[in-house]
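> Okay, so here is protein.cif, and as you'll see once you scroll down, it has mmCIF, C-alpha atoms and all ligand atoms.
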```cif
data_work
loop_
_atom_site.label_atom_id
_atom_site.label_comp_id
_atom_site.auth_asym_id
_atom_site.auth_seq_id
_atom_site.Cartn_x
_atom_site.Cartn_y
_atom_site.Cartn_z
CA MET W 1 47.65 104.68 268.80
CA ASN W 2 48.33 101.03 267.88
CA THR W 3 51.28 100.82 270.26
CA PHE W 4 48.84 100.93 273.18
CA LEU W 5 46.78 97.96 272.02
CA ASN W 6 47.64 94.51 273.37
CA ARG W 7 48.99 95.66 276.72
CA VAL W 8 50.11 92.67 278.80
CA LEU W 9 49.51 92.39 282.56
CA LYS W 10 52.64 91.54 284.59
CA GLU W 11 53.41 90.97 288.26
CA THR W 12 56.39 92.87 289.67
CA ALA W 13 58.76 91.85 292.50
CA ASP W 14 56.63 93.34 295.29
CA GLY W 15 53.54 91.48 294.03
CA SER W 16 51.90 94.55 292.50
CA HIS W 17 50.81 94.58 288.88
CA THR W 18 52.08 96.62 285.99
CA LEU W 19 51.46 96.62 282.23
CA PHE W 20 53.86 95.86 279.41
CA LEU W 21 53.81 97.33 275.90
CA PRO W 22 55.27 94.65 273.57
CA GLY W 23 55.53 97.08 270.62
CA TRP W 24 57.84 99.41 272.55
CA ASP W 25 59.32 96.80 274.92
CA GLU W 26 58.31 99.17 277.74
CA HIS W 27 56.78 98.58 281.16
CA TYR W 28 54.55 101.05 282.98
CA HIS W 29 56.64 100.53 286.15
CA SER W 30 59.85 98.90 287.33
CA LEU W 31 59.79 95.12 287.51
CA HIS W 32 61.58 95.51 290.87
CA GLY W 33 58.21 96.55 292.29
CA ALA W 34 55.59 98.89 290.88
CA ILE W 35 54.31 100.12 294.25
CA ARG W 36 57.84 100.29 295.66
CA GLU W 37 59.00 102.43 292.72
CA SER W 38 56.02 104.82 292.72
CA LEU W 39 56.20 105.28 296.48
CA HIS W 40 59.87 106.11 296.32
CA ILE W 41 59.94 108.47 293.32
CA PHE W 42 56.64 110.27 293.44
CA ILE W 43 55.44 110.05 297.03
CA ASN W 44 58.53 110.03 299.26
CA GLU W 45 60.73 112.18 297.01
CA GLY W 46 57.88 114.33 295.67
CA PHE W 47 54.67 114.63 297.64
CA ASN W 48 56.36 114.49 301.06
CA ARG W 49 58.70 117.33 300.04
CA VAL W 50 55.90 119.78 299.40
CA ALA W 51 53.17 118.55 301.73
CA GLY W 52 54.52 120.39 304.77
CA GLY W 53 52.96 123.70 303.76
CA PHE W 54 49.50 122.17 303.25
CA VAL W 55 48.73 120.38 306.50
CA GLU W 56 45.41 120.02 308.26
CA GLY W 57 45.37 123.44 309.86
CA GLU W 58 45.06 125.04 306.45
CA ARG W 59 42.05 122.95 305.40
CA GLY W 60 39.72 125.58 306.75
CA ALA W 61 41.39 128.14 304.52
CA GLY W 62 40.69 125.84 301.54
CA LYS W 63 44.33 125.72 300.51
CA SER W 64 45.06 122.73 298.26
CA LEU W 65 48.26 121.20 297.03
CA MET W 66 48.02 121.30 293.23
CA VAL W 67 49.43 118.15 291.56
CA LEU W 68 49.90 117.55 287.84
CA GLU W 69 50.62 114.02 286.63
CA VAL W 70 51.96 113.33 283.14
CA GLY W 71 50.54 109.88 282.30
CA PHE W 72 47.74 108.60 284.57
CA GLY W 73 48.06 105.01 283.22
CA THR W 74 47.14 102.45 285.89
CA GLY W 75 46.31 105.21 288.41
CA LEU W 76 48.90 103.93 290.86
CA ASN W 77 50.54 107.31 291.54
CA ALA W 78 47.16 108.93 292.07
CA LEU W 79 46.06 106.16 294.45
CA LEU W 80 49.26 106.40 296.51
CA THR W 81 48.76 110.17 296.61
CA VAL W 82 45.24 109.73 298.02
CA GLU W 83 46.69 107.46 300.70
CA ARG W 84 49.52 109.83 301.68
CA ALA W 85 47.30 112.93 301.55
CA MET W 86 44.90 111.28 304.00
CA ASP W 87 47.75 110.22 306.28
CA LEU W 88 49.18 113.75 306.35
CA GLY W 89 45.86 115.64 306.35
CA VAL W 90 46.57 117.53 303.13
CA ASN W 91 43.95 118.82 300.69
CA VAL W 92 44.85 117.91 297.10
CA ASN W 93 43.67 119.02 293.69
CA TYR W 94 45.04 116.45 291.22
CA LEU W 95 45.06 116.73 287.43
CA ALA W 96 46.25 113.77 285.35
CA LEU W 97 46.97 113.81 281.61
CA GLU W 98 46.26 110.57 279.77
CA PRO W 99 45.85 110.38 276.00
CA TYR W 100 45.80 106.55 275.87
CA PRO W 101 43.64 105.39 278.80
CA LEU W 102 43.30 101.80 279.95
CA THR W 103 40.12 99.94 279.00
CA ALA W 104 37.66 99.02 281.75
CA ALA W 105 38.68 95.37 281.31
CA GLU W 106 42.37 96.25 281.87
CA VAL W 107 41.53 98.27 284.98
CA SER W 108 39.43 95.43 286.40
CA ARG W 109 42.36 93.00 286.22
CA LEU W 110 44.83 95.19 288.16
CA ASN W 111 45.51 94.15 291.76
CA LEU W 112 46.61 97.69 292.72
CA PRO W 113 43.39 98.66 294.56
CA ASP W 114 43.85 95.58 296.82
CA LYS W 115 47.56 96.15 297.36
CA VAL W 116 47.39 99.80 298.47
CA ALA W 117 46.12 100.61 301.99
CA GLY W 118 44.93 97.01 302.45
CA GLY W 119 42.17 97.57 299.89
CA LEU W 120 40.56 100.44 301.83
CA LEU W 121 40.91 102.88 298.93
CA ALA W 122 39.53 100.59 296.20
CA ASP W 123 36.44 102.80 295.76
CA ASP W 124 38.68 105.85 295.30
CA PHE W 125 40.69 103.96 292.68
CA PHE W 126 37.59 103.11 290.61
CA ARG W 127 36.14 106.60 291.07
CA MET W 128 39.29 108.02 289.44
CA HIS W 129 39.27 105.49 286.61
CA ASN W 130 35.56 105.99 285.98
CA ALA W 131 35.77 109.80 286.11
CA HIS W 132 34.79 111.51 282.87
CA PHE W 133 37.57 113.25 281.01
CA GLY W 134 37.47 117.00 281.44
CA GLU W 135 35.46 116.94 284.70
CA MET W 136 36.64 117.40 288.26
CA THR W 137 35.46 114.66 290.68
CA ASN W 138 35.37 114.66 294.46
CA VAL W 139 37.17 111.37 295.10
CA ARG W 140 36.85 111.90 298.84
CA GLN W 141 36.76 114.87 301.17
CA GLY W 142 39.88 116.91 300.57
CA PHE W 143 40.82 115.14 297.31
CA ILE W 144 39.59 116.59 294.02
CA PHE W 145 40.60 114.75 290.88
CA GLY W 146 40.42 115.40 287.14
CA LYS W 147 41.70 113.68 283.99
CA TRP W 148 42.39 115.32 280.65
CA LYS W 149 42.64 113.25 277.49
CA PHE W 150 45.49 115.38 276.23
CA ARG W 151 49.06 114.70 275.27
CA LEU W 152 51.39 116.84 277.34
CA GLN W 153 52.47 118.57 274.12
CA ASP W 154 48.89 119.73 273.48
CA ALA W 155 47.59 120.33 277.01
CA PRO W 156 46.62 123.98 277.61
CA LEU W 157 48.26 124.30 281.04
CA PRO W 158 47.63 127.52 282.95
CA PRO W 159 50.67 129.43 284.24
CA CYS W 160 51.93 129.32 287.84
CA VAL W 161 49.49 126.75 289.26
CA TYR W 162 51.16 123.46 290.19
CA HIS W 163 53.13 122.82 293.36
CA LEU W 164 54.11 119.33 292.27
CA VAL W 165 54.59 117.58 288.91
CA TYR W 166 54.86 113.80 288.56
CA HIS W 167 56.60 113.27 285.24
CA ASP W 168 55.85 109.60 284.55
CA ALA W 169 56.07 109.36 280.77
CA PHE W 170 57.62 106.37 279.00
CA ALA W 171 61.39 106.36 278.76
CA PRO W 172 63.28 109.03 276.76
CA GLN W 173 64.43 106.36 274.27
CA VAL W 174 60.83 105.67 273.19
CA GLN W 175 59.17 109.07 273.81
CA PRO W 176 61.97 111.64 273.35
CA GLU W 177 59.36 114.34 272.68
CA LEU W 178 58.32 114.15 276.37
CA TRP W 179 61.81 114.76 277.74
CA GLY W 180 63.03 117.89 275.95
CA ALA W 181 63.17 121.63 276.56
CA GLU W 182 59.87 122.28 274.80
CA VAL W 183 57.71 120.28 277.24
CA PHE W 184 59.92 120.99 280.26
CA GLY W 185 59.59 124.74 279.56
CA LYS W 186 55.82 124.30 279.44
CA LEU W 187 55.86 122.46 282.80
CA HIS W 188 58.17 125.09 284.32
CA ARG W 189 55.72 127.84 283.36
CA ALA W 190 52.79 125.83 284.76
CA MET W 191 54.50 125.44 288.16
CA VAL W 192 54.63 127.91 291.03
CA PRO W 193 58.07 129.25 292.06
CA GLY W 194 59.55 126.65 294.42
CA GLY W 195 57.34 123.93 292.90
CA VAL W 196 58.80 120.41 292.65
CA PHE W 197 59.09 118.18 289.57
CA THR W 198 59.95 114.54 290.13
CA THR W 199 60.77 111.72 287.73
CA TYR W 200 62.50 108.35 287.55
CA SER W 201 64.94 109.28 284.79
CA ALA W 202 68.43 110.56 285.54
CA LYS W 203 69.61 110.54 281.93
CA GLY W 204 72.19 113.24 281.06
CA SER W 205 70.14 114.73 278.22
CA VAL W 206 67.08 114.96 280.51
CA LYS W 207 69.07 116.78 283.20
CA ARG W 208 70.53 119.19 280.65
CA ALA W 209 67.10 119.99 279.20
CA LEU W 210 65.65 120.60 282.68
CA ARG W 211 68.53 122.92 283.61
CA ALA W 212 68.17 124.79 280.31
CA CYS W 213 64.55 125.55 281.27
CA GLY W 214 65.60 127.08 284.60
CA PHE W 215 65.07 124.15 286.99
CA SER W 216 67.46 123.48 289.90
CA LEU W 217 68.25 119.79 290.14
CA SER W 218 69.00 117.25 292.84
CA HIS W 219 69.58 113.54 292.47
CA PRO W 220 68.27 111.41 295.29
CA ALA W 221 69.09 107.69 295.24
CA GLY W 222 66.70 105.75 293.04
CA PRO W 223 64.44 102.85 294.00
CA PRO W 224 65.76 99.25 293.78
CA GLY W 225 67.41 98.68 290.40
CA LYS W 226 68.15 102.37 289.81
CA ARG W 227 71.17 104.29 291.09
CA GLU W 228 69.58 107.73 291.02
CA MET W 229 66.47 109.64 290.02
CA THR W 230 65.80 113.34 289.39
CA ARG W 231 64.03 115.96 291.45
CA ALA W 232 63.90 119.47 290.06
CA SER W 233 62.54 122.65 291.56
CA ARG W 234 61.35 125.77 289.84
C1 LIG W 301 55.31 104.87 282.27
S1 LIG W 301 53.53 104.92 282.03
C2 LIG W 301 53.10 105.48 283.66
C3 LIG W 301 51.66 105.54 283.94
C4 LIG W 301 51.17 105.86 285.33
N1 LIG W 301 51.80 106.96 285.98
C5 LIG W 301 51.08 104.63 286.19
O1 LIG W 301 51.53 104.67 287.35
O2 LIG W 301 50.54 103.62 285.73
C6 LIG W 301 53.42 106.37 280.96
C7 LIG W 301 52.02 106.91 280.73
O3 LIG W 301 52.09 108.10 279.92
C8 LIG W 301 51.02 108.09 278.98
N2 LIG W 301 51.41 108.93 277.82
C9 LIG W 301 51.90 108.50 276.65
N3 LIG W 301 52.13 109.54 275.83
C10 LIG W 301 51.78 110.66 276.51
C11 LIG W 301 51.79 112.05 276.19
N4 LIG W 301 52.20 112.47 275.01
N5 LIG W 301 51.37 112.92 277.13
C12 LIG W 301 50.95 112.48 278.35
N6 LIG W 301 50.92 111.16 278.70
C13 LIG W 301 51.33 110.27 277.80
C14 LIG W 301 50.85 106.62 278.66
O4 LIG W 301 49.59 106.35 278.09
C15 LIG W 301 51.06 105.97 280.02
O5 LIG W 301 49.86 105.89 280.73
#
```
Rewrite the structure of this file - the entire thing - as structure tokens.


Amino acid sequence: MNTFLNRVLKETADGSHTLFLPGWDEHYHSLHGAIRESLHIFINEGFNRVAGGFVEGERGAGKSLMVLEVGFGTGLNALLTVERAMDLGVNVNYLALEPYPLTAAEVSRLNLPDKVAGGLLADDFFRMHNAHFGEMTNVRQGFIFGKWKFRLQDAPLPPCVYHLVYHDAFAPQVQPELWGAEVFGKLHRAMVPGGVFTTYSAKGSVKRALRACGFSLSHPAGPPGKREMTRASR
């Protein structure tokens, strides 16, 4: 799609990079800090909430926390998930949807692999970006990763699989089709009972659509620059 050509690299307030789409006047992350925002919304308010049931002791039993990400983009959420999963000793199976992937040149300019975990996970970052669409890759022991070149609307998601959904689409104003009952119902069906959905948006219409699909909502404080965010559970 032409909108995704000419992405511009930008530095955010915590020194980490993001991308800007001039055609939509949209950033991939908050200018208050890309890493700060992703850590807050997806890791601290998402991954940490469900990780408890998947700690080290269950590795032998092969139990994995199933994560679905809507919009792989720069790979920042996935990289922070690798870092936190290692810290907590949690096995993860991570599936990311991305219909408009970054080019290799765009990936090579991002400072994110140097900024996360002091650069120790840079190989993991490039393994995820270089992974072939439609194949599962062992990024490291205990972390299996796959990318699908599907729009959320078209992705054939299996029922009752995901413990955690990172909904990181562009804002409802520019991609309203990713914030309505049709796709939220699809995500609800793909999640296990008790599964957690987390996103940066706390817009009224988004909350109403989530509730209409059967989610229970809570509204933790947002990251810098945002009063609140949304966490929903199935
Ligand atoms: C706000 S960016 C966030 C990207 C990523 N999570 C990151 O940390 O860089 C939104 C992402 O959703 C992707 N996207 C756009 N339309 C989509 C769709 N219909 N289904 C799934 N993903 C989509 C974009 O290409 C982009 O990578």

> Check every protein, DNA and RNA residue against ligand LIG 301 (chain W), keep those with an atom at most 9 Å away (counting only C-alpha atoms and all ligand atoms), and present them as a PyMOL selection string.

chain W and resi 4+18-19+26-29+34-35+38+69-78+96-102+149-155+166-171+175+177-178

> Counting all atoms listed in the file, which residues come within 12 Å of (31.9, 109.8, 296.5), with the point read in the file's coordinates, and could you list them as a list of chain:residue names?

W:Leu121, W:Ala122, W:Asp123, W:Asp124, W:Phe125, W:Phe126, W:Arg127, W:Met128, W:Asn130, W:Ala131, W:Thr137, W:Asn138, W:Val139, W:Arg140, W:Gln141, W:Gly142, W:Phe143, W:Ile144, W:Phe145

> Rank W:Gly33, W:Gly194, W:Pro156, W:Gly214 by their smallest atom-to-atom distance to Lys226 in chain W, using only C-alpha atoms, and report the top residue only.

W:Gly33

> What separation in Å, quoted to one decimal, exists between CA of Leu31 in chain W and CA of Leu112 in chain W?

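A separation of 14.4 Å between them.
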
> Please report as a tab-separated table every residue of range 20-106 of chain W lying within 8 Å of range 6-10 of chain W, along with the nearest atom pair and their distance in Å (one decimal), using all atoms listed in the file.


```
residue	atom	partner	partner_atom	distance
W:Phe20	CA	W:Val8	CA	5.0
W:Leu21	CA	W:Arg7	CA	5.2
W:Pro22	CA	W:Arg7	CA	7.1
```

> Which value, in Å to one decimal, gives the distance between CA of Gly52 in chain W and CA of Tyr162 in chain W?

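Taking CA of Gly52 in chain W as the start and CA of Tyr162 in chain W as the end point, the length is 15.3 Å.
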
> Hey, can you check how far CA of Ser233 in chain W sits from CA of Val196 in chain W?

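Going from CA of Ser233 in chain W over to CA of Val196 in chain W covers 4.5 Å.
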
> Have a look at W:Arg189, W:His163, W:Arg211, W:Arg109 and name the one nearest to Met66 in chain W; count all atoms listed in the file.

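Under the stated criterion, the closest residue is W:His163.
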
> Place a sphere of radius 7 Å on (63.6, 100.5, 296.3) in the file coordinates and name every protein, DNA or RNA residue with an atom inside or on its surface, counting all atoms listed in the file; give the answer as an MDAnalysis selection string.

chainID W and resid 36:37 40 222:224

> Which neighbours of Cys213 in chain W fall inside 7 Å, counting all atoms listed in the file, when residues of the same chain fewer than 4 positions from it are skipped, and could you give them as an NGL selection string?

:W and (181 or 184-185 or 209)

> In terms of the shortest atom-to-atom distance over only C-alpha atoms, which of W:Thr230, W:Asn111, W:Ser218, W:Thr81 is closest to Glu11 in chain W?

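Result for the nearest residue to Glu11 in chain W: W:Asn111.
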
> Using only C-alpha atoms, which residue out of W:Leu157, W:Leu65, W:Thr198, W:Gln173 lies closest to Leu39 in chain W?

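Smallest separation from Leu39 in chain W among the options: W:Thr198.
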
> Between W:Leu120, W:Val165, W:Ala221, W:Ala51, which has the minimum distance to Thr199 in chain W (counting all atoms listed in the file)?

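Distance minimum relative to Thr199 in chain W lands on W:Val165.
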